[in-house]
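Engineer: Structure file structure.cif (mmCIF, C-alpha atoms) is given on the next line.
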data_model
loop_
_atom_site.label_atom_id
_atom_site.label_comp_id
_atom_site.auth_asym_id
_atom_site.auth_seq_id
_atom_site.Cartn_x
_atom_site.Cartn_y
_atom_site.Cartn_z
CA LYS A 1 7.23 102.37 78.15
CA VAL A 2 4.59 104.37 80.01
CA VAL A 3 4.28 108.03 80.96
CA TYR A 4 2.08 108.47 84.02
CA THR A 5 0.61 111.55 85.67
CA ASN A 6 -1.51 111.74 88.80
CA LEU A 7 -2.49 115.35 88.01
CA HIS A 8 -1.32 116.59 91.43
CA GLY A 9 -3.35 113.89 93.16
CA THR A 10 -2.83 110.64 95.03
CA GLY A 11 -2.27 108.07 92.27
CA LYS A 12 1.53 108.06 92.22
CA ARG A 13 1.69 106.50 95.68
CA CYS A 14 0.35 103.13 94.43
CA ILE A 15 0.46 103.16 90.64
CA VAL A 16 4.14 103.94 90.07
CA PRO A 17 5.53 101.18 92.33
CA LEU A 18 2.83 98.84 91.01
CA LEU A 19 3.84 99.40 87.38
CA LYS A 20 7.53 99.14 88.19
CA GLN A 21 6.92 95.88 90.04
CA LEU A 22 5.13 94.61 86.93
CA GLY A 23 8.22 95.43 84.87
CA CYS A 24 7.10 98.62 83.15
CA ASN A 25 9.49 101.34 82.10
CA VAL A 26 7.49 104.16 83.69
CA SER A 27 8.25 107.85 83.97
CA THR A 28 6.14 110.55 85.60
CA VAL A 29 5.43 114.17 84.75
CA ALA A 30 7.61 115.82 87.39
CA GLU A 31 5.69 119.11 87.42
CA GLN A 32 2.47 117.24 88.21
CA ASP A 33 3.87 114.75 90.76
CA ILE A 34 3.37 116.94 93.80
CA GLN A 35 0.04 116.72 95.57
CA ASP A 36 -1.47 120.20 95.32
CA GLY A 37 -5.17 120.96 95.61
CA ARG A 38 -4.69 124.12 93.53
CA PHE A 39 -3.75 121.94 90.51
CA PRO A 40 -1.36 124.61 89.19
CA THR A 41 -0.48 123.05 85.81
CA VAL A 42 -4.00 122.31 84.53
CA ALA A 43 -7.26 124.17 84.11
CA SER A 44 -9.03 121.07 85.42
CA PRO A 45 -7.48 117.85 86.81
CA ASN A 46 -10.03 115.75 84.95
CA PRO A 47 -8.60 112.95 82.76
CA GLU A 48 -11.74 113.16 80.61
CA ASN A 49 -10.53 116.55 79.35
CA ALA A 50 -7.82 116.40 76.67
CA PRO A 51 -5.81 119.44 77.91
CA ALA A 52 -5.20 117.69 81.25
CA LEU A 53 -3.03 115.16 79.39
CA ASP A 54 -1.08 117.69 77.30
CA MET A 55 2.09 117.63 79.40
CA ALA A 56 2.12 113.84 79.61
CA VAL A 57 1.57 113.50 75.84
CA ALA A 58 4.44 115.92 75.15
CA GLN A 59 6.69 113.88 77.46
CA ALA A 60 5.60 110.65 75.75
CA ASP A 61 6.62 112.12 72.40
CA ALA A 62 9.98 113.21 73.81
CA GLU A 63 10.60 109.76 75.33
CA ASN A 64 8.98 107.77 72.51
CA ALA A 65 6.60 106.10 74.99
CA ASP A 66 3.72 103.93 73.80
CA LEU A 67 1.19 104.89 76.42
CA VAL A 68 0.04 107.78 78.60
CA ILE A 69 -1.98 107.08 81.72
CA ALA A 70 -3.57 109.89 83.72
CA THR A 71 -5.64 109.54 86.87
CA ASP A 72 -7.84 112.06 88.61
CA PRO A 73 -6.86 113.43 92.05
CA ASP A 74 -8.54 110.67 94.10
CA CYS A 75 -7.37 108.03 91.62
CA ASP A 76 -10.66 106.38 90.79
CA ARG A 77 -10.91 107.46 87.12
CA MET A 78 -8.36 106.98 84.34
CA GLY A 79 -7.80 108.62 80.96
CA ILE A 80 -5.30 107.40 78.39
CA ALA A 81 -3.50 108.32 75.18
CA VAL A 82 -1.98 105.68 72.90
CA ARG A 83 0.43 105.85 70.00
CA ASN A 84 -0.93 105.36 66.51
CA LYS A 85 1.67 103.13 64.86
CA ALA A 86 0.66 104.32 61.39
CA THR A 87 1.04 108.07 62.06
CA GLY A 88 3.38 107.97 65.04
CA LYS A 89 1.12 110.40 66.91
CA MET A 90 -0.50 109.97 70.31
CA GLU A 91 -4.29 109.70 70.27
CA LEU A 92 -6.67 110.10 73.19
CA LEU A 93 -9.26 107.37 73.73
CA THR A 94 -12.71 107.89 75.20
CA GLY A 95 -13.92 106.20 78.35
CA ASN A 96 -16.06 103.88 76.25
CA GLN A 97 -13.12 102.90 74.02
CA THR A 98 -10.85 102.22 76.98
CA GLY A 99 -13.59 100.23 78.68
CA CYS A 100 -14.11 98.12 75.56
CA LEU A 101 -10.40 97.34 75.35
CA LEU A 102 -10.28 96.29 78.99
CA ALA A 103 -13.50 94.28 78.69
CA TRP A 104 -12.09 92.42 75.68
CA TYR A 105 -8.78 91.75 77.44
CA ARG A 106 -10.42 90.51 80.63
CA CYS A 107 -12.91 88.25 78.82
CA MET A 108 -10.19 86.86 76.57
CA THR A 109 -7.64 86.22 79.31
CA VAL A 110 -9.91 84.62 81.91
CA LYS A 111 -10.93 82.10 79.26
CA GLU A 112 -7.44 81.65 77.78
CA LEU A 113 -6.01 80.98 81.26
CA GLY A 114 -8.79 78.49 82.00
CA ILE A 115 -10.14 80.51 84.94
CA VAL A 116 -13.52 80.62 83.18
CA ASN A 117 -14.33 77.46 81.24
CA ASP A 118 -17.28 75.50 79.87
CA ALA A 119 -18.02 74.03 83.29
CA ASN A 120 -18.33 77.36 85.14
CA ILE A 121 -19.02 79.99 82.49
CA ASN A 122 -22.61 80.38 83.72
CA HIS A 123 -21.08 81.79 86.90
CA ALA A 124 -19.13 84.55 85.09
CA VAL A 125 -20.62 88.01 84.70
CA MET A 126 -19.80 91.50 83.45
CA VAL A 127 -21.62 94.47 85.02
CA LYS A 128 -21.86 97.87 83.31
CA THR A 129 -24.20 100.83 83.16
CA PHE A 130 -27.00 101.16 80.64
CA VAL A 131 -25.37 104.23 79.08
CA THR A 132 -21.98 102.55 78.58
CA SER A 133 -21.11 101.26 75.09
CA PRO A 134 -23.14 98.22 73.98
CA LEU A 135 -19.95 96.98 72.34
CA GLN A 136 -19.04 95.68 75.79
CA ASP A 137 -22.25 93.61 75.84
CA ALA A 138 -21.34 92.22 72.41
CA ILE A 139 -17.80 91.33 73.53
CA ALA A 140 -19.05 89.51 76.62
CA ALA A 141 -21.72 87.65 74.61
CA LYS A 142 -19.13 86.49 72.06
CA HIS A 143 -17.16 84.97 74.94
CA GLY A 144 -20.29 83.38 76.42
CA ILE A 145 -20.28 85.69 79.45
CA GLU A 146 -23.48 87.28 80.74
CA THR A 147 -23.79 91.06 80.97
CA VAL A 148 -25.91 92.82 83.58
CA ASN A 149 -26.72 96.49 82.97
CA VAL A 150 -27.39 98.80 85.91
CA LEU A 151 -28.17 102.46 86.46
CA THR A 152 -25.48 105.14 86.28
CA GLY A 153 -23.28 105.19 89.37
CA PHE A 154 -20.75 102.69 90.64
CA LYS A 155 -22.83 102.12 93.77
CA TYR A 156 -25.11 99.97 91.59
CA ILE A 157 -22.18 97.85 90.38
CA ALA A 158 -20.99 97.61 94.00
CA ALA A 159 -24.46 96.44 95.05
CA LYS A 160 -24.20 93.57 92.58
CA LEU A 161 -20.80 92.61 94.02
CA GLY A 162 -22.31 92.58 97.48
CA LYS A 163 -25.13 90.38 96.21
CA TYR A 164 -22.68 87.91 94.69
CA GLU A 165 -20.71 87.76 97.95
CA ASN A 166 -23.87 87.14 99.96
CA ALA A 167 -24.89 84.31 97.63
CA ILE A 168 -21.92 82.25 98.85
CA PRO A 169 -22.97 79.79 101.62
CA ALA A 170 -22.74 81.45 105.04
CA ASN A 171 -20.26 78.93 106.45
CA LEU A 172 -17.83 79.81 103.63
CA ARG A 173 -18.69 83.48 103.39
CA GLY A 174 -17.64 84.17 106.97
CA THR A 175 -13.98 84.22 105.97
CA PHE A 176 -14.50 85.84 102.54
CA ARG A 177 -12.67 89.08 103.35
CA ASP A 178 -9.65 87.23 104.72
CA LEU A 179 -9.18 85.01 101.68
CA SER A 180 -6.93 85.61 98.68
CA GLU A 181 -8.34 86.69 95.32
CA GLN A 182 -7.77 83.15 94.00
CA GLU A 183 -9.74 81.65 96.92
CA THR A 184 -12.66 84.05 96.68
CA ARG A 185 -12.72 83.58 92.89
CA ALA A 186 -13.06 79.83 93.37
CA LEU A 187 -15.96 80.39 95.79
CA ARG A 188 -17.73 82.74 93.40
CA LEU A 189 -17.29 80.43 90.41
CA ALA A 190 -18.63 77.50 92.42
CA HIS A 191 -21.49 79.11 94.34
CA SER A 192 -22.25 82.57 92.99
CA LYS A 193 -21.09 84.94 90.22
CA TYR A 194 -17.50 85.77 89.33
CA PHE A 195 -17.17 89.44 88.34
CA VAL A 196 -14.96 89.58 85.24
CA PHE A 197 -15.15 93.31 84.52
CA GLY A 198 -17.35 96.34 84.95
CA GLY A 199 -17.42 100.02 84.22
CA GLU A 200 -19.12 103.20 83.17
CA GLU A 201 -18.56 105.48 80.21
CA SER A 202 -17.28 108.32 82.39
CA TYR A 203 -13.76 106.83 82.67
CA GLY A 204 -14.47 104.45 85.57
CA TYR A 205 -13.40 100.77 85.45
CA LEU A 206 -13.18 97.82 87.80
CA ALA A 207 -11.60 94.43 87.27
CA GLN A 208 -11.81 92.79 90.67
CA ASP A 209 -14.24 92.18 93.52
CA PHE A 210 -12.21 93.31 96.52
CA VAL A 211 -12.65 97.00 95.69
CA ARG A 212 -16.27 98.09 95.58
CA ASP A 213 -15.87 101.27 93.55
CA LYS A 214 -14.24 102.33 90.30
CA ASP A 215 -10.50 101.96 90.73
CA ALA A 216 -7.82 103.59 88.59
CA ASN A 217 -5.05 101.61 90.33
CA VAL A 218 -6.13 98.27 88.92
CA ALA A 219 -7.28 99.87 85.65
CA ALA A 220 -3.74 101.21 85.11
CA LEU A 221 -2.30 97.80 85.96
CA CYS A 222 -4.63 96.02 83.51
CA LEU A 223 -3.97 98.51 80.75
CA ALA A 224 -0.17 98.36 81.11
CA GLU A 225 -0.30 94.57 81.12
CA MET A 226 -2.54 94.59 78.05
CA ASN A 227 -0.17 96.99 76.27
CA ALA A 228 2.77 94.65 76.98
CA TYR A 229 0.77 91.59 75.88
CA LEU A 230 -0.18 93.25 72.59
CA ALA A 231 3.46 94.23 71.99
CA THR A 232 4.32 90.52 71.91
CA LYS A 233 1.78 90.25 69.06
CA GLY A 234 3.26 93.24 67.23
CA MET A 235 0.20 95.38 67.99
CA GLY A 236 -0.62 98.53 69.91
CA LEU A 237 -3.78 99.39 71.81
CA LEU A 238 -5.20 101.41 68.92
CA GLU A 239 -4.59 98.58 66.45
CA CYS A 240 -6.29 96.20 68.88
CA LEU A 241 -9.30 98.51 69.12
CA ASN A 242 -9.57 98.61 65.33
CA ALA A 243 -9.34 94.81 65.21
CA ILE A 244 -12.21 94.66 67.71
CA TYR A 245 -14.23 97.00 65.48
CA GLU A 246 -13.55 94.81 62.47
CA GLU A 247 -14.76 91.73 64.35
CA TYR A 248 -17.78 93.23 66.10
CA GLY A 249 -18.60 96.22 63.92
CA PHE A 250 -17.68 99.85 64.46
CA TYR A 251 -19.42 101.30 67.52
CA LYS A 252 -19.78 105.00 68.18
CA GLU A 253 -21.12 106.77 71.26
CA LEU A 254 -21.93 110.45 71.59
CA GLY A 255 -22.73 112.42 74.72
CA LYS A 256 -24.59 115.71 74.42
CA SER A 257 -26.35 118.08 76.80
CA LEU A 258 -28.89 120.88 76.70
CA VAL A 259 -28.00 123.45 79.36
CA MET A 260 -30.79 125.39 81.04
CA GLU A 261 -29.41 127.80 83.60
CA GLY A 262 -31.14 130.45 85.62
CA ALA A 263 -33.96 130.43 88.11
CA ASP A 264 -36.32 128.61 85.79
CA GLY A 265 -33.74 126.14 84.43
CA ALA A 266 -34.71 123.30 86.75
CA ALA A 267 -38.38 123.77 85.91
CA LYS A 268 -37.63 123.66 82.17
CA ILE A 269 -35.62 120.45 82.57
CA ALA A 270 -38.39 118.86 84.62
CA ALA A 271 -41.01 119.90 82.07
CA LEU A 272 -39.00 118.54 79.14
CA THR A 273 -38.40 115.25 80.96
CA LYS A 274 -42.13 115.02 81.66
CA THR A 275 -42.95 115.33 77.95
CA TYR A 276 -40.79 112.29 77.16
CA ILE A 277 -42.64 110.28 79.81
CA GLU A 278 -46.14 111.39 78.85
CA ASN A 279 -45.56 111.55 75.10
CA PRO A 280 -42.69 109.19 74.22
CA PRO A 281 -41.33 109.49 70.67
CA THR A 282 -42.59 106.93 68.17
CA GLU A 283 -39.89 107.72 65.62
CA MET A 284 -36.64 109.65 65.51
CA ASP A 285 -34.56 110.71 62.52
CA GLY A 286 -36.72 108.65 60.18
CA ALA A 287 -36.41 105.43 62.21
CA LYS A 288 -39.23 103.80 64.15
CA VAL A 289 -38.88 103.48 67.93
CA VAL A 290 -39.21 99.73 68.56
CA ALA A 291 -38.65 99.82 72.34
CA PHE A 292 -39.02 102.57 74.92
CA ARG A 293 -38.09 102.14 78.58
CA ASP A 294 -39.19 104.62 81.22
CA PHE A 295 -36.96 104.04 84.24
CA SER A 296 -38.82 106.64 86.30
CA ALA A 297 -41.78 104.29 86.76
CA GLY A 298 -39.69 101.96 88.94
CA ASN A 299 -41.25 98.83 87.42
CA LEU A 300 -38.30 97.50 85.41
CA THR A 301 -36.02 94.57 86.23
CA ASP A 302 -32.48 93.80 85.12
CA ALA A 303 -31.03 90.69 83.46
CA GLU A 304 -30.93 88.89 86.80
CA GLY A 305 -34.54 89.72 87.65
CA ASP A 306 -33.62 92.32 90.28
CA SER A 307 -35.73 95.46 90.49
CA ILE A 308 -34.14 98.56 88.98
CA PRO A 309 -34.58 101.58 91.29
CA ALA A 310 -36.69 104.38 89.87
CA GLU A 311 -34.60 107.04 88.12
CA LYS A 312 -35.47 109.81 85.72
CA MET A 313 -33.97 108.16 82.68
CA LEU A 314 -35.56 107.15 79.39
CA PHE A 315 -34.10 104.81 76.80
CA ALA A 316 -35.25 104.33 73.21
CA ASP A 317 -34.15 101.68 70.70
CA LEU A 318 -34.63 102.46 67.01
CA GLU A 319 -35.47 100.00 64.26
CA ASP A 320 -32.17 100.65 62.48
CA GLY A 321 -30.05 99.63 65.49
CA ARG A 322 -29.37 103.10 66.84
CA SER A 323 -30.50 104.04 70.36
CA PHE A 324 -30.51 106.97 72.74
CA ALA A 325 -31.03 107.71 76.41
CA VAL A 326 -32.24 110.92 78.08
CA ARG A 327 -31.35 111.73 81.70
CA PRO A 328 -31.54 115.00 83.62
CA SER A 329 -28.33 115.71 85.52
CA GLY A 330 -28.54 115.45 89.27
CA THR A 331 -25.79 118.00 89.86
CA GLU A 332 -25.79 120.44 86.93
CA PRO A 333 -28.45 122.54 85.15
CA LYS A 334 -28.58 120.31 82.09
CA ILE A 335 -30.39 117.39 80.53
CA LYS A 336 -28.06 114.72 79.17
CA TYR A 337 -28.39 112.68 75.98
CA TYR A 338 -26.48 109.47 75.28
CA LEU A 339 -26.46 108.34 71.64
CA PHE A 340 -25.38 104.96 70.28
CA ALA A 341 -24.85 103.65 66.74
CA HIS A 342 -22.90 100.81 65.18
CA GLY A 343 -22.08 99.20 61.86
CA ASN A 344 -22.02 95.58 60.80
CA PRO A 345 -19.08 93.24 61.43
CA GLY A 346 -16.71 92.77 58.52
CA MET A 347 -17.33 96.18 56.93
CA ASP A 348 -14.40 98.19 55.65
CA LEU A 349 -13.46 100.17 58.76
CA SER A 350 -13.06 103.58 57.13
CA THR A 351 -16.41 103.18 55.35
CA ALA A 352 -18.10 101.99 58.53
CA LYS A 353 -16.71 104.90 60.56
CA ALA A 354 -17.97 107.45 58.05
CA GLN A 355 -21.44 105.89 57.94
CA VAL A 356 -21.81 105.46 61.69
CA GLU A 357 -20.44 108.90 62.56
CA GLY A 358 -22.82 110.42 60.01
CA SER A 359 -25.79 108.52 61.39
CA ILE A 360 -25.09 109.47 65.00
CA ALA A 361 -24.64 113.15 64.07
CA SER A 362 -27.95 112.99 62.20
CA LEU A 363 -29.61 111.41 65.25
CA TRP A 364 -28.42 114.22 67.50
CA ALA A 365 -29.71 116.85 65.09
CA ALA A 366 -33.12 115.14 65.17
CA LEU A 367 -33.10 114.84 68.96
CA GLU A 368 -32.15 118.49 69.41
CA ALA A 369 -34.90 119.62 67.04
CA ASP A 370 -37.39 117.36 68.80
CA ALA A 371 -36.40 118.74 72.23
CA ASN A 372 -36.79 122.33 71.03
CA ALA A 373 -40.22 121.48 69.64
CA ARG A 374 -41.23 119.86 72.92
CA MET A 375 -40.10 122.91 74.91
CA ALA A 376 -41.92 125.25 72.54
#
Translate the structure of the given file into structure tokens.
Structural biologist:
Amino acid sequence: KVVYTNLHGTGKRCIVPLLKQLGCNVSTVAEQDIQDGRFPTVASPNPENAPALDMAVAQADAENADLVIATDPDCDRMGIAVRNKATGKMELLTGNQTGCLLAWYRCMTVKELGIVNDANINHAVMVKTFVTSPLQDAIAAKHGIETVNVLTGFKYIAAKLGKYENAIPANLRGTFRDLSEQETRALRLAHSKYFVFGGEESYGYLAQDFVRDKDANVAALCLAEMNAYLATKGMGLLECLNAIYEEYGFYKELGKSLVMEGADGAAKIAALTKTYIENPPTEMDGAKVVAFRDFSAGNLTDAEGDSIPAEKMLFADLEDGRSFAVRPSGTEPKIKYYLFAHGNPGMDLSTAKAQVEGSIASLWAALEADANARMA
């Protein structure tokens, strides 16, 4: 049972008949069905923002639905809320959490169905951005599937898909766009790379090759199917996520920004970014920096040996397993920080959550103090 809202956008046209065809009991938020560029029922039609899902969550409670799916107006990003079986309440998941669930489901099912097997697993790949949860890397590795990290922006994931298509022999590739998914999958597994899953932390996911951008249509389909699959196991999506944490360790991501508005804001951001490049940190929050990558130099390569385009982003790995990235926004007067921390597999989940959340909060406090010192 799913409650869906397209937040006055375009998603209902495909997603609702798609879910019904799959066999879902799906209802929509009537007040938000109509396409309206004024978005009259929300302050912002952004599924990353919790208030945008308020009406759908209230309807899910009234209808006792398991799942809320919301898509942004052009239906490329998806936000969700899932029912906590222990408390009975709906809980919103982050883009990283949703991506980890979908990555786990895709990796598990392509192997369980025999699509990816010992003979062709070297031709399977997951593609994600550097600032998306490393739990997805761990999930893929556990299944024997390679992960390739790329810069922020789905155009970089799309470029990889184009590369994999072009690696197919020309005499076979000529009909690639006219073939079925099963036929192109066979070609990729035999001659190139089969894209299992990809995504970015900002609520964008992709689970097939024939769309070359983040796609909320197929993300909604995958999630509804996963929810139904888990129901046959007596689980919900939140319980599955906790089971993943217990197996791989609890992972926590935190996004923060320092806003610098005004006429001199851009100059301040540029100056702060420059200090990281010229004087990279050697320690942070009491932990030694064991690796520091400056993407602005344009001399780095990815897991496949392809050159990574130059971008003003810096990434530091700490000795204790935590890491952080720094990236000035290209569209807003802010400099963005991405923080990552995780616990060890097998730890008591409540204990692990408290430790990891404490350590990531401590890391942000140290980063903020360091940034203020650099600006001073």
Engineer: Nearest to Thr10 (chain A) among A:Asp370, A:Glu31, A:Asp137, A:Asp74, with distances taken over all atoms listed in the file: which residue is it?
Structural biologist: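 The shortest atom-to-atom distance to Thr10 (chain A) comes from A:Asp74.
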Engineer: Mind checking which residues fall within 8 Å of Gly298 (chain A), counting only C-alpha atoms, ignoring those fewer than 4 positions away in the same chain, and posting them as number ranges by chain?
Structural biologist: A: 307-311
Engineer: For the residues selected in the previous step, produce a file with C-alpha atoms as a PDB file, in the frame of the given file.
Structural biologist:
ATOM      1  CA  SER A 307     -35.730  95.460  90.490  1.00  0.00           C
ATOM      2  CA  ILE A 308     -34.140  98.560  88.980  1.00  0.00           C
ATOM      3  CA  PRO A 309     -34.580 101.580  91.290  1.00  0.00           C
ATOM      4  CA  ALA A 310     -36.690 104.380  89.870  1.00  0.00           C
ATOM      5  CA  GLU A 311     -34.600 107.040  88.120  1.00  0.00           C
TER       6      GLU A 311
END
Engineer: Mind checking which residues fall within 8 Å of region 244-251 of chain A, counting only C-alpha atoms, ignoring those fewer than 3 positions away in the same chain, and posting them as a list in words?
Structural biologist: Ser133, Leu135, Ala138, Ile139, Cys240, Leu241, Phe340, Ala341, His342, Gly343, Asn344, Pro345, Gly346, Met347, Asp348, Leu349, Ala352, Lys353 and Val356 of chain A
Engineer: Can you check which parts of region 230-275 of chain A lie within 10 Å of region 64-71 of chain A? Per residue, the shortest pair of atoms and distance in Å to one decimal, counting all atoms listed in the file, sorted by chain and number, as a Markdown table.
Structural biologist:
| residue | atom | partner | partner_atom | distance |
| --- | --- | --- | --- | --- |
| A:Ala231 | CA | A:Asp66 | CA | 9.9 |
| A:Gly236 | CA | A:Asp66 | CA | 7.9 |
| A:Leu237 | CA | A:Leu67 | CA | 8.7 |
Engineer: Hey, what comes out of the PyMOL selection byres ((chain A and resi 257) around 12) on this file? Could you write it as a PyMOL selection string?
Structural biologist: chain A and resi 254-256+258-260+269+325-329+332-339+364+367-368+371
Engineer: Evaluate the PyMOL selection byres ((chain A and resi 75) around 7) and record the selected residues as an NGL selection string, following the chain and residue labels used in the document.
Structural biologist: :A and (10-11 or 71-74 or 76-77 or 215-217)
Engineer: Please evaluate the PyMOL selection byres ((chain A and resi 147) around 8) against the structure above and give the resulting residues as a list in words.
Structural biologist: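 Applied to this file, the PyMOL selection byres ((chain A and resi 147) around 8) returns Val125, Met126, Val127, Lys128, Asp137, Ala140, Ala141, Ile145, Glu146, Val148, Asn149 and Ala303 of chain A.
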Engineer: So which residues touch Ile34 (chain A) within 9 Å, counting only C-alpha atoms, skipping near sequence neighbours fewer than 3 positions away, as a PyMOL selection string?
Structural biologist: chain A and resi 6-10+30-31
Engineer: At most 8 Å from (-1.3, 115.5, 83.1), file frame, only C-alpha atoms: which residues, as a ChimeraX atom specification?
Structural biologist: /A:4-7,29,32,42,45,47,51-56,70
Engineer: One decimal, Å: what's the distance from CA of Lys85 (chain A) over to CA of Val218 (chain A), could you say?
Structural biologist: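 So the answer is 25.8 Å.
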Engineer: Which polymer residues, whether protein, DNA or RNA, lie within 7 Å of the coordinate (-31.1, 109.6, 67.2) when you count all atoms listed in the file? List them as a count of residues only, using the chain letters and numbers from the file.
Structural biologist: 12
Engineer: Which is closer to Ala158 (chain A) than all the others in A:Leu179, A:Val211, A:Val131, A:Ala190, using all atoms listed in the file?
Structural biologist: A:Val211
Engineer: Mind pulling up the distance from CA of Met313 (chain A) to CA of Phe295 (chain A)?
Structural biologist: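 Atom-to-atom, CA of Phe295 (chain A) to CA of Met313 (chain A), that is 5.3 Å.
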Engineer: Excluding Thr152 (chain A) and residues on its chain fewer than 5 positions from it, collect all residues at most 8 Å away from it, counting all atoms listed in the file, and give them as an mmCIF file with C-alpha atoms, in the coordinates of the input.
Structural biologist:
data_model
loop_
_atom_site.group_PDB
_atom_site.id
_atom_site.type_symbol
_atom_site.label_atom_id
_atom_site.label_comp_id
_atom_site.auth_asym_id
_atom_site.auth_seq_id
_atom_site.Cartn_x
_atom_site.Cartn_y
_atom_site.Cartn_z
ATOM 1 C CA THR A 129 -24.200 100.830 83.160
ATOM 2 C CA PHE A 130 -27.000 101.160 80.640
ATOM 3 C CA VAL A 131 -25.370 104.230 79.080
ATOM 4 C CA GLU A 200 -19.120 103.200 83.170
#
Engineer: In Å, how far is it from CA of Asp317 (chain A) to CA of Ala291 (chain A)?
Structural biologist: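 Between CA of Asp317 (chain A) and CA of Ala291 (chain A) the gap is 5.1 Å.
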Engineer: For a quick check of understanding, using all atoms listed in the file, which of A:Arg212, A:Arg106, A:Lys193, A:Lys268 has the smallest distance to Ile121 (chain A)?
Structural biologist: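 Using all atoms listed in the file, the shortest distance to Ile121 (chain A) belongs to A:Lys193.
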Engineer: How would region 337-353 of chain A look with N, CA and C atoms restored, written as a PDB file, in the frame of the given file?
Structural biologist:
ATOM      1  N   TYR A 337     -27.993 113.626  77.024  1.00  0.00           N
ATOM      2  CA  TYR A 337     -28.390 112.680  75.980  1.00  0.00           C
ATOM      3  C   TYR A 337     -27.195 111.759  75.690  1.00  0.00           C
ATOM      4  N   TYR A 338     -27.492 110.475  75.621  1.00  0.00           N
ATOM      5  CA  TYR A 338     -26.480 109.470  75.280  1.00  0.00           C
ATOM      6  C   TYR A 338     -26.935 108.800  73.983  1.00  0.00           C
ATOM      7  N   LEU A 339     -26.101 108.877  72.952  1.00  0.00           N
ATOM      8  CA  LEU A 339     -26.460 108.340  71.640  1.00  0.00           C
ATOM      9  C   LEU A 339     -25.546 107.187  71.278  1.00  0.00           C
ATOM     10  N   PHE A 340     -26.127 106.160  70.631  1.00  0.00           N
ATOM     11  CA  PHE A 340     -25.380 104.960  70.280  1.00  0.00           C
ATOM     12  C   PHE A 340     -25.705 104.544  68.842  1.00  0.00           C
ATOM     13  N   ALA A 341     -24.662 104.161  68.106  1.00  0.00           N
ATOM     14  CA  ALA A 341     -24.850 103.650  66.740  1.00  0.00           C
ATOM     15  C   ALA A 341     -23.720 102.679  66.447  1.00  0.00           C
ATOM     16  N   HIS A 342     -23.965 101.751  65.549  1.00  0.00           N
ATOM     17  CA  HIS A 342     -22.900 100.810  65.180  1.00  0.00           C
ATOM     18  C   HIS A 342     -23.124 100.278  63.778  1.00  0.00           C
ATOM     19  N   GLY A 343     -22.030  99.812  63.179  1.00  0.00           N
ATOM     20  CA  GLY A 343     -22.080  99.200  61.860  1.00  0.00           C
ATOM     21  C   GLY A 343     -22.046  97.691  61.973  1.00  0.00           C
ATOM     22  N   ASN A 344     -22.019  97.039  60.839  1.00  0.00           N
ATOM     23  CA  ASN A 344     -22.020  95.580  60.800  1.00  0.00           C
ATOM     24  C   ASN A 344     -20.598  95.025  60.828  1.00  0.00           C
ATOM     25  N   PRO A 345     -20.409  93.870  61.434  1.00  0.00           N
ATOM     26  CA  PRO A 345     -19.080  93.240  61.430  1.00  0.00           C
ATOM     27  C   PRO A 345     -18.592  92.984  60.006  1.00  0.00           C
ATOM     28  N   GLY A 346     -17.301  93.092  59.816  1.00  0.00           N
ATOM     29  CA  GLY A 346     -16.710  92.770  58.520  1.00  0.00           C
ATOM     30  C   GLY A 346     -16.700  93.907  57.522  1.00  0.00           C
ATOM     31  N   MET A 347     -17.335  95.032  57.844  1.00  0.00           N
ATOM     32  CA  MET A 347     -17.330  96.180  56.930  1.00  0.00           C
ATOM     33  C   MET A 347     -15.941  96.799  56.873  1.00  0.00           C
ATOM     34  N   ASP A 348     -15.616  97.401  55.745  1.00  0.00           N
ATOM     35  CA  ASP A 348     -14.400  98.190  55.650  1.00  0.00           C
ATOM     36  C   ASP A 348     -14.453  99.260  56.741  1.00  0.00           C
ATOM     37  N   LEU A 349     -13.405  99.354  57.563  1.00  0.00           N
ATOM     38  CA  LEU A 349     -13.460 100.170  58.760  1.00  0.00           C
ATOM     39  C   LEU A 349     -13.633 101.656  58.452  1.00  0.00           C
ATOM     40  N   SER A 350     -12.933 102.156  57.462  1.00  0.00           N
ATOM     41  CA  SER A 350     -13.060 103.580  57.130  1.00  0.00           C
ATOM     42  C   SER A 350     -14.460 103.900  56.634  1.00  0.00           C
ATOM     43  N   THR A 351     -15.039 102.991  55.830  1.00  0.00           N
ATOM     44  CA  THR A 351     -16.410 103.180  55.350  1.00  0.00           C
ATOM     45  C   THR A 351     -17.395 103.130  56.503  1.00  0.00           C
ATOM     46  N   ALA A 352     -17.209 102.146  57.394  1.00  0.00           N
ATOM     47  CA  ALA A 352     -18.100 101.990  58.530  1.00  0.00           C
ATOM     48  C   ALA A 352     -18.056 103.213  59.444  1.00  0.00           C
ATOM     49  N   LYS A 353     -16.848 103.724  59.694  1.00  0.00           N
ATOM     50  CA  LYS A 353     -16.710 104.900  60.560  1.00  0.00           C
ATOM     51  C   LYS A 353     -17.456 106.095  59.985  1.00  0.00           C
TER      52      LYS A 353
END
